[in-house]
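This report concerns only the one structure given below.
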Number of protein chains: 2
Amino acid sequence: MTTLELLQRAKKAKSAMALADTKAKNTALLAMADALEAQREAILAANRLDLEAARGTVSDVMLDRLALSPERIAGMAQGVREVAALPDPVGTVLDRVQRPNGLLVEKTATPMGVIAIIYESRPNVTSDAAALALKAGSACVLRGGKEAHRSAAAIVEALRAGLSAAALPQDALGLVEDTTRGSARELMCANGLVDLLIPRGGAGLIRSCVENATVPIIETGTGICHIYVDRDADLDMALNIVENAKCSRPSVCNAAEVCLVHEKIAGEFLPRLARRLKQVELRLDPRAAAVISGVPAGERDFDTEFLDYILAVKVVSGVEEAMEHIAAHSTHHSEAIVTQSPETARTFLRGVDSAAVYHNASTRFTDGGEFGLGCEMGISTQKLHARGPMGLMELCTFRYLVRGQGQIR
Amino acid sequence: MTTLELLQRAKKAKSAMALADTKAKNTALLAMADALEAQREAILAANRLDLEAARGTVSDVMLDRLALSPERIAGMAQGVREVAALPDPVGTVLDRVQRPNGLLVEKTATPMGVIAIIYESRPNVTSDAAALALKAGSACVLRGGKEAHRSAAAIVEALRAGLSAAALPQDALGLVEDTTRGSARELMCANGLVDLLIPRGGAGLIRSCVENATVPIIETGTGICHIYVDRDADLDMALNIVENAKCSRPSVCNAAEVCLVHEKIAGEFLPRLARRLKQVELRLDPRAAAVISGVPAGERDFDTEFLDYILAVKVVSGVEEAMEHIAAHSTHHSEAIVTQSPETARTFLRGVDSAAVYHNASTRFTDGGEFGLGCEMGISTQKLHARGPMGLMELCTFRYLVRGQGQIR
């Protein structure tokens, strides 16, 4: 099937999805989870073909991302079941006002319509993204990476079987067959067919979507996150937070990449930081390098998402310089201040314009589950519509439903 | 000044605007309104030059839009004072949750940063748009039409004087000097400088922005609005509503362009409609033409925003066909059903995916003031971020402010 046909079918299926009640959608999701487990052998066989084709051409990290196992498939099914258990956002009344003329105006959460997702090589994104989009009442068109195409096709086959089992149209979920760049471009410019495009992947993919898309998109993910350790910080707390933000999972977007340290405490804090983060390569600005030993920071080190055991470190004169540095170098994902001064914390929280701004906590909490959204489609780093973790509500739009008794203006 | 310099200055000024408290912003707005009146003669003189240059090259309607008078300037000043009186959206806590680990997560309304507005020839948009953007805590860059440039420059000079009077940076409001297409393109692609672009104007301008912009934009305004008169309608109410939606102000986007009539009542309703809308040209589909006389509808008549005393009329078999017709032909702005049947109304309100969906009321109510937002920057016809009237809150984004006591994950 061509990408255009797939999109047209999704568009036709979107009103059935929008009108499906919570029970129908949950029945479908549970059937989708069961089908993933029932078709486990077929999915694993397809994945083996993907792995064989990829071996030697991609890195070991990439191969690991691509690989499925019975446990990983069970995890995918469990993820879909968890989405079924979440509250249904569709129909939620977000605001209600009765006007003096008697009109009742209700701002009501409504499905987007067709959500397209362009992603890379993790097969589990296939089921995660599909489950979230469908629960939010939208049809879903997926375009995964070439390396994982056989796996994704097997997964989508199982998921579509689940839709049928709940009498929802299979066309509400589609996988783009063409894995060339042309199909990504087609999705980016499918105005009138795609209501929302979400790219999930590396910086190159995101940039390409931002530059080329004419359909509405949500930019996700790159995180150059900062932690500013203030003069008035509890240094034990600061060490815990920096260590957690850097080391608990360095490959994710909410991991810290930069530590800014107040000059008044640099002499005490930096040696302790160096001892604590033994496995981390510290890249030091000249003032930090005067205190501890480490690699001198290069030109790009304060503008790089390392996603690794590397931390750029800079000494600053105070919260104002920290905020200026963040404004100039951040990707506006997550930043934290560690301080016992309520006033300095207030200045930082008011003045830092990022999706999540923390006082005395690790940046690693920027996550749909941790914020109480129950799940997430990704972390938006744009300002329009969704910012930070995108839960089910952020996958919805809204309509104003207005009830009258013949009012005219 | 080049457009790039203007944007860089706005970017520098945006944090002062974001941090300005309500009092400072309101003081500035009131001073801006006073300055408009104090500089009335200079503004009128600039407007006369614009009018002289435009005479003979543009239509009379356009000349009327372009023309200022002492009354119109007083109206502009009044508009700015009304924005000062509105509640400040910045800092509003939209959602607050305390997590089991003790983290307090507050979703907080936050200024966009730099809002750029591309508009056409109405000089009053200059002060309206600037007042709304500044009140929402953003810096504002305006790019008006060539015909109105001298008027806009005089208005902006007055408004900037008002900013100074409240000790806010004049650079928070700028007017693009270059009125060629090149400057519009520059704004559309100023990633990193423009946080939100809002085009206000005709369909051509909007389409150009949607197709070419790489910065986040909000599509505003074309409205092909439908009224469906159901079998169970109160026909007197239906006549009132159709007349109001068509005739009270035909040139605006929330005016009705299409009337769909249930076949069971067409024989009674259509002759009454023709008598009631004497000044309106009815363009009839074959089934309507079998009942009353009028112009046969042409191929494009059900896909045209007439903005005039013209109404396309079609007979349908029921609410399902009405909804299908709307899905295929609407711009998803505003649609109404007139019916006494709660069940049919429910079907229509659930199934029609437009920004505003009415039961027994005129589409003319789709307006920021009428919905209780107090004002509007325009009517969004897109689904992302803002849908329907855009008030001050829709000109904001949000941040998650997270307060902890050393939490790590």
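Please note that chains go A, B, ... in the order of the structure tokens, that every chain numbers its residues from 1, and that ligands are numbered from 1 in the order shown.
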request  = Could you list the residues in chain B lying within 7 Å of chain A, using only C-alpha atoms, and format the result as a VMD selection string?
outcome  = chain B and resid 105 112 210 to 211 214 216 237 241 244 349 354 to 362 364 to 365 371 383 to 385 387 397 to 409
Emit the selected residues as an mmCIF file, in the first residue's frame, including C-alpha atoms.
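The resulting result.cif:
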```
data_model
loop_
_atom_site.group_PDB
_atom_site.id
_atom_site.type_symbol
_atom_site.label_atom_id
_atom_site.label_comp_id
_atom_site.auth_asym_id
_atom_site.auth_seq_id
_atom_site.Cartn_x
_atom_site.Cartn_y
_atom_site.Cartn_z
ATOM 1 C CA VAL B 105 4.942 19.844 40.537
ATOM 2 C CA MET B 112 6.010 32.627 24.899
ATOM 3 C CA VAL B 210 1.675 27.346 6.837
ATOM 4 C CA GLU B 211 3.712 26.227 3.840
ATOM 5 C CA THR B 214 9.738 26.619 10.207
ATOM 6 C CA PRO B 216 5.873 27.474 15.414
ATOM 7 C CA MET B 237 -35.624 29.813 15.814
ATOM 8 C CA ILE B 241 -30.264 31.919 13.692
ATOM 9 C CA ASN B 244 -28.185 36.358 12.253
ATOM 10 C CA LEU B 349 -22.022 17.789 18.991
ATOM 11 C CA SER B 354 -14.708 21.994 14.477
ATOM 12 C CA ALA B 355 -13.336 24.608 16.856
ATOM 13 C CA ALA B 356 -16.844 25.547 18.004
ATOM 14 C CA VAL B 357 -19.947 23.377 17.632
ATOM 15 C CA TYR B 358 -23.322 24.942 18.499
ATOM 16 C CA HIS B 359 -26.721 23.647 19.406
ATOM 17 C CA ASN B 360 -29.505 26.200 18.874
ATOM 18 C CA ALA B 361 -27.305 29.286 18.670
ATOM 19 C CA SER B 362 -25.683 31.416 15.994
ATOM 20 C CA ARG B 364 -21.477 34.453 15.270
ATOM 21 C CA PHE B 365 -20.688 33.802 18.948
ATOM 22 C CA PHE B 371 -16.698 33.122 25.132
ATOM 23 C CA LYS B 383 -5.772 21.825 16.473
ATOM 24 C CA LEU B 384 -2.413 22.383 18.129
ATOM 25 C CA HIS B 385 -2.179 24.639 21.198
ATOM 26 C CA ARG B 387 -8.392 26.201 18.828
ATOM 27 C CA THR B 397 3.087 28.605 27.101
ATOM 28 C CA PHE B 398 3.747 26.875 30.431
ATOM 29 C CA ARG B 399 6.605 25.469 32.470
ATOM 30 C CA TYR B 400 6.659 22.812 35.135
ATOM 31 C CA LEU B 401 8.112 24.277 38.329
ATOM 32 C CA VAL B 402 9.205 21.458 40.604
ATOM 33 C CA ARG B 403 10.158 21.941 44.236
ATOM 34 C CA GLY B 404 11.925 19.266 46.237
ATOM 35 C CA GLN B 405 14.080 18.598 49.287
ATOM 36 C CA GLY B 406 16.886 16.731 47.578
ATOM 37 C CA GLN B 407 14.881 14.048 45.778
ATOM 38 C CA ILE B 408 16.761 11.764 43.403
ATOM 39 C CA ARG B 409 15.437 9.049 41.164
#
```
task = Go through range 27-250 of chain B and collect every residue that DSSP, computed from the backbone, puts in helix (DSSP H, G or I); the answer should be as a ChimeraX atom specification.
result = /B:27-38,40-54,60-66,70-85,124-135,146-165,170-172,181-188,203-212,235-247
query = When you draw a straight line from CA of Lys14 in chain A to CA of Leu134 in chain A, how long is it in Å?
reply =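 Calculated distance between CA of Lys14 in chain A and CA of Leu134 in chain A is 9.7 Å.
Remark: for Val114 in chain A, the closest of the candidate residues A:Ile73, A:Ala31, A:Ile198, A:Leu392 is A:Ile198 (distances computed over only C-alpha atoms).
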inquiry  = My list of candidates is A:Glu5, A:Glu376, A:Asp88, A:Glu82. Which is closest to Thr22 in chain A when distances are computed with only C-alpha atoms?
reply    =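 Once distances to Thr22 in chain A are computed over only C-alpha atoms, the minimum belongs to A:Asp88.
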